[in-house]
file model21.csv (CSV, C-alpha atoms)
chain,number,residue,atom,x,y,z
K,1,MET,CA,12.9,-22.2,1.6
K,2,GLU,CA,15.5,-19.8,0.2
K,3,LYS,CA,14.4,-16.2,0.2
K,4,SER,CA,14.0,-14.2,-3.0
K,5,ASP,CA,16.6,-11.5,-3.5
K,6,LEU,CA,14.7,-8.2,-3.2
K,7,THR,CA,17.6,-6.2,-1.8
K,8,ASP,CA,16.9,-3.6,-4.4
K,9,VAL,CA,13.4,-3.0,-2.9
K,10,THR,CA,12.2,-1.2,0.2
K,11,PHE,CA,8.7,-2.0,1.5
K,12,ILE,CA,7.1,1.0,3.1
K,13,ILE,CA,4.2,0.6,5.6
K,14,PRO,CA,2.6,3.7,7.2
K,15,LEU,CA,0.1,2.7,9.8
K,16,ARG,CA,-2.0,3.5,12.9
K,17,ILE,CA,-2.8,0.6,15.2
K,18,ASP,CA,-6.5,1.3,15.8
K,19,THR,CA,-7.7,-2.2,16.5
K,20,VAL,CA,-6.3,-5.6,17.7
K,21,ASP,CA,-7.1,-6.9,14.2
K,22,ARG,CA,-4.8,-4.3,12.7
K,23,LEU,CA,-2.0,-5.2,15.1
K,24,GLU,CA,-2.3,-8.9,14.3
K,25,ASN,CA,-2.5,-8.3,10.5
K,26,THR,CA,0.6,-6.1,10.6
K,27,LEU,CA,2.6,-8.8,12.3
K,28,VAL,CA,1.3,-11.4,10.0
K,29,ILE,CA,2.2,-9.6,6.8
K,30,LEU,CA,5.7,-8.7,8.3
K,31,ASP,CA,6.2,-12.5,8.9
K,32,PHE,CA,5.2,-13.1,5.3
K,33,LEU,CA,7.6,-10.5,3.8
K,34,LEU,CA,10.5,-11.5,6.0
K,35,GLU,CA,10.1,-15.2,5.5
K,36,ASN,CA,10.0,-14.9,1.7
K,37,PHE,CA,12.1,-11.9,0.7
K,38,ASP,CA,15.6,-10.5,1.5
K,39,SER,CA,14.6,-6.8,1.4
K,40,ARG,CA,14.3,-3.7,3.5
K,41,ILE,CA,11.1,-2.8,5.4
K,42,LYS,CA,10.3,0.6,6.8
K,43,ILE,CA,7.3,1.2,9.1
K,44,LEU,CA,6.0,4.6,10.3
K,45,GLU,CA,3.5,4.5,13.1
K,46,ALA,CA,1.6,7.8,13.7
K,47,SER,CA,-0.5,8.1,16.8
K,48,ARG,CA,-1.3,10.4,19.7
K,49,ARG,CA,1.0,8.4,22.0
K,50,ASN,CA,3.7,5.8,21.7
K,51,THR,CA,2.7,2.8,23.7
K,52,GLY,CA,5.8,0.9,22.6
K,53,ILE,CA,3.7,-2.2,22.0
K,54,LEU,CA,4.3,-2.4,18.2
K,55,GLN,CA,8.0,-1.6,18.5
K,56,GLN,CA,8.5,-4.4,21.1
K,57,LEU,CA,6.8,-6.9,18.8
K,58,LEU,CA,8.5,-6.0,15.6
K,59,PRO,CA,11.4,-8.2,14.2
K,60,ARG,CA,14.8,-6.4,14.6
K,61,GLU,CA,15.2,-6.3,10.8
K,62,VAL,CA,12.4,-3.7,10.5
K,63,ASP,CA,13.2,0.0,10.4
K,64,TYR,CA,10.7,1.5,12.7
K,65,ARG,CA,9.8,5.2,13.3
K,66,PHE,CA,7.1,6.7,15.5
K,67,VAL,CA,5.5,10.2,14.9
K,68,GLU,CA,3.3,11.8,17.5
K,69,ASP,CA,0.0,12.8,15.8
K,70,HIS,CA,-3.1,14.0,17.7
K,71,ASP,CA,-5.3,14.1,14.6
K,72,ALA,CA,-8.0,11.5,14.9
K,73,VAL,CA,-7.8,11.1,11.1
K,74,PHE,CA,-4.8,9.3,9.8
K,75,HIS,CA,-3.3,11.4,7.0
K,76,ARG,CA,-2.0,8.4,5.1
K,77,THR,CA,-0.8,10.2,2.0
K,78,LYS,CA,1.4,12.5,4.0
K,79,TYR,CA,3.1,9.6,5.8
K,80,ILE,CA,3.6,7.6,2.7
K,81,ASN,CA,5.5,10.6,1.3
K,82,THR,CA,7.5,10.8,4.5
K,83,LEU,CA,8.5,7.2,4.3
K,84,ALA,CA,9.2,7.2,0.5
K,85,ALA,CA,11.6,10.2,0.8
K,86,THR,CA,13.8,8.1,3.1
K,87,CYS,CA,14.2,5.1,0.7
K,88,GLU,CA,17.5,4.6,-1.0
K,89,THR,CA,16.8,1.5,-3.1
K,90,THR,CA,16.0,1.5,-6.8
K,91,TYR,CA,12.5,0.2,-6.2
K,92,ILE,CA,9.9,0.8,-3.6
K,93,SER,CA,6.7,-1.0,-2.7
K,94,LEU,CA,3.8,0.5,-0.8
K,95,TRP,CA,2.2,-2.2,1.2
K,96,ASP,CA,-1.0,-2.0,3.3
K,97,THR,CA,-1.1,-3.6,6.7
K,98,ASP,CA,-3.6,-6.3,5.7
K,99,ILE,CA,-2.4,-7.6,2.3
K,100,ILE,CA,-1.1,-11.0,1.1
K,101,ILE,CA,0.0,-11.6,-2.5
K,102,PRO,CA,1.0,-15.0,-4.0
K,103,LEU,CA,4.8,-15.2,-4.3
K,104,SER,CA,4.8,-15.9,-8.1
K,105,GLN,CA,3.0,-12.6,-8.7
K,106,ILE,CA,5.6,-10.7,-6.8
K,107,GLU,CA,8.4,-12.4,-8.7
K,108,ALA,CA,6.6,-11.6,-12.0
K,109,THR,CA,6.3,-8.0,-10.8
K,110,MET,CA,10.0,-7.6,-10.1
K,111,LYS,CA,10.9,-9.2,-13.4
K,112,ARG,CA,8.9,-6.6,-15.3
K,113,LEU,CA,10.5,-3.7,-13.3
K,114,ARG,CA,14.1,-5.0,-13.6
K,115,GLU,CA,13.7,-5.6,-17.3
K,116,GLU,CA,12.4,-2.1,-17.6
K,117,LYS,CA,9.2,-3.2,-19.1
K,118,ALA,CA,7.2,-1.1,-16.6
K,119,ASP,CA,7.6,1.8,-14.3
K,120,PHE,CA,4.8,0.9,-11.9
K,121,VAL,CA,3.3,-2.6,-11.3
K,122,THR,CA,0.2,-3.6,-9.4
K,123,PRO,CA,0.9,-7.2,-8.5
K,124,PHE,CA,-2.7,-8.4,-8.9
K,125,GLN,CA,-5.5,-7.9,-11.3
K,126,ASP,CA,-9.3,-7.6,-10.9
K,127,ARG,CA,-9.6,-9.8,-7.7
K,128,PHE,CA,-9.2,-7.8,-4.5
K,129,LEU,CA,-10.6,-10.5,-2.2
K,130,ASP,CA,-11.6,-10.1,1.5
K,131,THR,CA,-10.8,-13.3,3.2
K,132,SER,CA,-13.6,-13.3,5.9
K,133,ASP,CA,-12.8,-13.7,9.6
K,134,ILE,CA,-12.8,-17.5,9.4
K,135,LEU,CA,-10.3,-17.8,6.5
K,136,ARG,CA,-8.2,-15.0,8.0
K,137,ASP,CA,-7.9,-17.0,11.2
K,138,LEU,CA,-7.1,-20.2,9.3
K,139,TYR,CA,-4.3,-18.4,7.4
K,140,ILE,CA,-2.9,-16.9,10.6
K,141,GLN,CA,-2.8,-20.3,12.2
K,142,SER,CA,-1.2,-22.1,9.2
K,143,GLY,CA,0.7,-19.4,7.3
K,144,ASP,CA,-0.3,-21.3,4.2
K,145,ILE,CA,-1.1,-19.0,1.3
K,146,GLY,CA,-2.2,-22.1,-0.7
K,147,LEU,CA,-5.2,-22.3,1.6
K,148,LEU,CA,-6.3,-18.8,0.5
K,149,GLU,CA,-5.7,-19.6,-3.1
K,150,LYS,CA,-7.9,-22.7,-2.9
K,151,GLN,CA,-10.7,-20.8,-1.1
K,152,GLN,CA,-11.1,-17.8,-3.4
K,153,GLY,CA,-14.7,-18.7,-4.2
K,154,LYS,CA,-15.7,-18.1,-0.6
K,155,MET,CA,-14.3,-14.6,-0.5
K,156,LYS,CA,-16.0,-11.3,-1.2
K,157,ALA,CA,-14.6,-9.1,-4.0
K,158,LEU,CA,-14.0,-5.5,-3.0
K,159,TYR,CA,-13.6,-2.3,-5.1
K,160,THR,CA,-14.8,-3.8,-8.3
K,161,PRO,CA,-14.4,-3.8,-11.2
K,162,ASN,CA,-10.8,-2.5,-11.5
K,163,PRO,CA,-9.2,-2.2,-8.0
K,164,VAL,CA,-5.8,-0.5,-7.9
K,165,GLY,CA,-5.2,-0.2,-4.1
K,166,GLY,CA,-3.6,-2.3,-1.4
K,167,VAL,CA,-0.1,-2.6,-2.9
K,168,PHE,CA,2.0,-1.4,-5.7
K,169,PHE,CA,5.7,-1.6,-6.8
K,170,ALA,CA,7.5,1.2,-8.5
K,171,HIS,CA,10.8,2.4,-9.8
K,172,LYS,CA,11.5,5.1,-7.1
K,173,LYS,CA,12.6,7.7,-9.6
K,174,ALA,CA,9.4,7.4,-11.6
K,175,TYR,CA,7.4,7.5,-8.4
K,176,VAL,CA,9.1,10.7,-7.3
K,177,ASP,CA,8.8,12.3,-10.7
K,178,ALA,CA,5.1,11.5,-10.8
K,179,GLY,CA,4.5,13.4,-7.6
K,180,MET,CA,4.4,10.5,-5.1
K,181,GLU,CA,1.2,11.0,-3.1
K,182,ASN,CA,-1.3,13.8,-3.5
K,183,GLU,CA,-1.7,15.0,0.1
K,184,LYS,CA,-5.0,16.7,-0.6
K,185,PHE,CA,-6.4,13.2,-0.1
K,186,TYR,CA,-6.9,13.2,3.7
K,187,GLY,CA,-8.0,10.1,5.5
K,188,TRP,CA,-9.1,6.9,3.9
K,189,GLY,CA,-10.1,6.5,0.3
K,190,ARG,CA,-9.8,7.6,-3.4
K,191,GLU,CA,-6.0,8.2,-3.3
K,192,ASP,CA,-5.3,5.0,-5.1
K,193,GLY,CA,-7.4,6.0,-8.1
K,194,ASP,CA,-5.8,9.5,-8.2
K,195,ARG,CA,-2.3,7.9,-8.2
K,196,ALA,CA,-3.1,5.6,-11.1
K,197,ASN,CA,-4.7,8.4,-13.1
K,198,ARG,CA,-1.6,10.5,-12.8
K,199,TRP,CA,0.6,7.7,-13.9
K,200,LYS,CA,-1.5,7.3,-17.0
K,201,ILE,CA,-1.8,11.0,-17.9
K,202,LEU,CA,2.0,11.5,-17.5
K,203,GLY,CA,2.7,8.6,-19.8
K,204,TYR,CA,4.2,6.1,-17.4
K,205,ARG,CA,3.9,2.4,-18.0
K,206,HIS,CA,1.6,0.9,-15.4
K,207,GLN,CA,0.9,-2.8,-15.6
K,208,HIS,CA,-1.0,-5.4,-13.6
K,209,VAL,CA,0.2,-9.0,-12.9
K,210,PRO,CA,-2.7,-11.5,-13.3
K,211,GLY,CA,-3.8,-13.1,-10.0
K,212,PRO,CA,-5.6,-12.3,-6.8
K,213,LEU,CA,-4.9,-10.0,-3.8
K,214,PHE,CA,-5.9,-11.3,-0.4
K,215,HIS,CA,-7.1,-8.8,2.1
K,216,LEU,CA,-7.1,-10.0,5.7
K,217,SER,CA,-10.4,-9.0,7.2
K,218,HIS,CA,-10.5,-6.6,10.1
K,219,GLU,CA,-12.7,-4.3,12.1
K,220,ARG,CA,-13.4,-1.0,10.3
K,221,GLY,CA,-13.1,2.1,12.3
K,222,LEU,CA,-12.6,5.8,11.5
K,223,ASN,CA,-9.5,5.2,9.4
K,224,SER,CA,-10.8,2.3,7.4
K,225,SER,CA,-13.8,4.1,5.9
K,226,PHE,CA,-14.8,7.6,4.7
K,227,HIS,CA,-14.8,9.6,7.9
K,228,SER,CA,-17.3,12.1,6.5
K,229,SER,CA,-19.5,12.6,3.5
K,230,SER,CA,-18.1,16.1,2.9
K,231,GLN,CA,-14.6,14.7,2.7
K,232,ASN,CA,-15.7,12.0,0.3
K,233,HIS,CA,-17.2,14.8,-1.9
K,234,LYS,CA,-13.9,16.7,-1.8
K,235,LYS,CA,-12.0,13.7,-2.8
K,236,MET,CA,-14.3,12.9,-5.7
K,237,ALA,CA,-13.9,16.5,-6.9
K,238,GLU,CA,-10.1,16.3,-6.7
K,239,LEU,CA,-10.1,13.0,-8.5
K,240,GLN,CA,-12.4,14.3,-11.3
K,241,ARG,CA,-10.3,17.5,-11.6
K,242,SER,CA,-7.1,15.6,-12.2
K,243,LEU,CA,-8.8,13.3,-14.8
K,244,VAL,CA,-9.3,16.2,-17.2
K,245,MET,CA,-5.9,17.7,-16.8
K,246,SER,CA,-3.4,17.7,-19.7
K,247,LYS,CA,0.1,16.3,-19.2
K,248,LYS,CA,1.4,19.9,-19.0
K,249,GLU,CA,-1.2,21.0,-16.5
K,250,LEU,CA,-0.6,17.9,-14.3
K,251,LYS,CA,3.2,18.5,-14.3
K,252,ARG,CA,2.5,22.1,-13.2
K,253,GLU,CA,0.2,20.9,-10.5
K,254,ILE,CA,2.8,18.4,-9.2
K,255,GLU,CA,5.4,21.2,-9.1
K,256,SER,CA,3.1,23.2,-6.8
K,257,TRP,CA,3.2,20.3,-4.3
K,258,ARG,CA,6.9,20.3,-3.8
call {"tool": "encode", "arguments": {"input": "model21.csv", "output": "structure tokens"}}
result
Amino acid sequence: MEKSDLTDVTFIIPLRIDTVDRLENTLVILDFLLENFDSRIKILEASRRNTGILQQLLPREVDYRFVEDHDAVFHRTKYINTLAATCETTYISLWDTDIIIPLSQIEATMKRLREEKADFVTPFQDRFLDTSDILRDLYIQSGDIGLLEKQQGKMKALYTPNPVGGVFFAHKKAYVDAGMENEKFYGWGREDGDRANRWKILGYRHQHVPGPLFHLSHERGLNSSFHSSSQNHKKMAELQRSLVMSKKELKREIESWR
């Protein structure tokens, strides 16, 4: 099958390999992206030591960087910003390590961006579906996304009713102007809602493409859940604070991050 031309897109994937599931899922989504798209992929791995395992397994087309980080909590927003700052393409896509999206939805996403009908596009709508271990294994063995599409009724919907995480595509300039990631969000959770709220307040065009997202199930450790109740409370407070900001106030806030 001929690859889709996404040479104007850089996929960015910050990660910490904390479980075997995470390693497997990372390699699976890289196969998916490389088999279907002619594009750039940048990975940043942050961990206390570089085992070299991931780098040895990565396809040569992937731009890989390791950062030594002894913090038990993966500061994901910080590393997203680090990766995004190195991108030179017109568009970027933040892609989690466990996400599969039907090809037609990605093509529709890029059409909207290239035709300047949107600044940010979430390539799914309403259905953030956890595959289950069984369907995950069947997909890994077959590589057939049609299998996932046919089995949606057997999957659990996460982050209802209006999920916005997992993946998005953006015009890079708009993403930078909108502040990129708010690094006050430390560890897992809530940053996706903050990002979408900022886009709305600032007047950017954020659209969803109808269709599902498939989340490859994995073991959940410290960096796949709220690592403390106090941090969750802080994140909720930050999220609620930004919700009541005016456009002018939010722009001033973003300037303070730079």
call {"tool": "atom_distance", "arguments": {"input": "model21.csv", "atom1": "atom CA of K:Tyr139", "atom2": "atom CA of K:Gly189"}}
result
26.5 Å
call {"tool": "residues_near_point", "arguments": {"input": "model21.csv", "point": "(8.4, 10.2, 24.1)", "cutoff": "9 Å", "atoms": "only C-alpha atoms", "output": "PyMOL selection string"}}
result
chain K and resi 49-50+68
call {"tool": "closest_residue", "arguments": {"input": "model21.csv", "among": "K:Ala118, K:Val164, K:Ala84, K:Ile254", "to": "K:Gly203", "atoms": "all atoms listed in the file"}}
result
K:Ala118
call {"tool": "residues_around", "arguments": {"input": "model21.csv", "residues": "stretch 73-77 of chain K", "least_positions_apart": "4", "cutoff": "7 Å", "atoms": "all atoms listed in the file", "output": "PyMOL selection string"}}
result
chain K and resi 14+81+181-183+185-187+223
call {"tool": "atom_distance", "arguments": {"input": "model21.csv", "atom1": "atom CA of K:Ile17", "atom2": "atom CA of K:Val167"}}
result
18.6 Å
call {"tool": "closest_residue", "arguments": {"input": "model21.csv", "among": "K:Asn197, K:Thr10, K:Thr89, K:Gln105", "to": "K:Ala178", "atoms": "all atoms listed in the file"}}
result
K:Asn197
call {"tool": "residues_around", "arguments": {"input": "model21.csv", "residues": "stretch 235-247 of chain K", "least_positions_apart": "5", "cutoff": "8 Å", "atoms": "only C-alpha atoms", "output": "PyMOL selection string"}}
result
chain K and resi 184-185+190+193-194+197-198+201-202
call {"tool": "residues_around", "arguments": {"input": "model21.csv", "residues": "K:Asp177", "least_positions_apart": "6", "cutoff": "12 Å", "atoms": "all atoms listed in the file", "output": "MDAnalysis selection string"}}
result
chainID K and resid 119 170:171 198:199 202:204 250:252 254:255 257:258
call {"tool": "atom_distance", "arguments": {"input": "model21.csv", "atom1": "atom CA of K:Ala46", "atom2": "atom CA of K:Arg65"}}
result
8.6 Å
call {"tool": "residues_around", "arguments": {"input": "model21.csv", "residues": "K:Thr131", "least_positions_apart": "4", "cutoff": "6 Å", "atoms": "only C-alpha atoms", "output": "tab-separated table (two decimals) with C-alpha atoms, in the frame of the given file"}}
result
chain	number	residue	atom	x	y	z
K	135	LEU	CA	-10.30	-17.80	6.50
K	136	ARG	CA	-8.20	-15.00	8.00
K	155	MET	CA	-14.30	-14.60	-0.50
K	215	HIS	CA	-7.10	-8.80	2.10
K	216	LEU	CA	-7.10	-10.00	5.70
K	217	SER	CA	-10.40	-9.00	7.20
call {"tool": "closest_residue", "arguments": {"input": "model21.csv", "among": "K:Leu113, K:Ile53, K:Ile100, K:Ala196", "to": "K:Asp144", "atoms": "only C-alpha atoms"}}
result
K:Ile100
call {"tool": "closest_atom_pairs", "arguments": {"input": "model21.csv", "of": "stretch 144-181 of chain K", "to": "stretch 210-214 of chain K", "cutoff": "10 Å", "atoms": "only C-alpha atoms", "output": "Markdown table"}}
result
| residue | atom | partner | partner_atom | distance |
| --- | --- | --- | --- | --- |
| K:Ile145 | CA | K:Phe214 | CA | 9.2 |
| K:Leu148 | CA | K:Phe214 | CA | 7.6 |
| K:Glu149 | CA | K:Pro212 | CA | 8.2 |
| K:Gln152 | CA | K:Pro212 | CA | 8.5 |
| K:Met155 | CA | K:Phe214 | CA | 9.0 |
| K:Ala157 | CA | K:Phe214 | CA | 9.7 |
| K:Pro163 | CA | K:Leu213 | CA | 9.8 |
| K:Gly165 | CA | K:Leu213 | CA | 9.8 |
| K:Gly166 | CA | K:Leu213 | CA | 8.2 |
| K:Val167 | CA | K:Leu213 | CA | 8.9 |
call {"tool": "write_last_selection", "arguments": {"input": "model21.csv", "atoms": "C-alpha atoms", "output": "compact mmCIF listing (two decimals), keeping the file's coordinate frame"}}
result
# COMPACT_ATOMS: atom_id res chain seq x y z
CA ILE K 145 -1.10 -19.00 1.30
CA LEU K 148 -6.30 -18.80 0.50
CA GLU K 149 -5.70 -19.60 -3.10
CA GLN K 152 -11.10 -17.80 -3.40
CA MET K 155 -14.30 -14.60 -0.50
CA ALA K 157 -14.60 -9.10 -4.00
CA PRO K 163 -9.20 -2.20 -8.00
CA GLY K 165 -5.20 -0.20 -4.10
CA GLY K 166 -3.60 -2.30 -1.40
CA VAL K 167 -0.10 -2.60 -2.90
call {"tool": "axis_aligned_box", "arguments": {"input": "model21.csv", "around": "stretch 64-71 of chain K", "padding_each_side": "6 Å", "output": "AutoDock Vina command-line options"}}
result
--center_x 2.7 --center_y 7.8 --center_z 15.2 --size_x 28.0 --size_y 24.6 --size_z 17.0
call {"tool": "closest_residue", "arguments": {"input": "model21.csv", "among": "K:Lys3, K:Arg195, K:Lys150, K:Lys248", "to": "K:Met180", "atoms": "all atoms listed in the file"}}
result
K:Arg195
call {"tool": "closest_residue", "arguments": {"input": "model21.csv", "among": "K:Arg112, K:Arg22, K:Arg16, K:Lys78", "to": "K:Thr51", "atoms": "only C-alpha atoms"}}
result
K:Arg16
call {"tool": "closest_residue", "arguments": {"input": "model21.csv", "among": "K:Ala72, K:Val121, K:Leu158, K:Leu57", "to": "K:Ile92", "atoms": "only C-alpha atoms"}}
result
K:Val121
call {"tool": "residues_near_point", "arguments": {"input": "model21.csv", "point": "(9.0, -3.2, -0.6)", "cutoff": "9 Å", "atoms": "only C-alpha atoms", "output": "PyMOL selection string"}}
result
chain K and resi 6+8-13+33+39-42+91-95+168-169
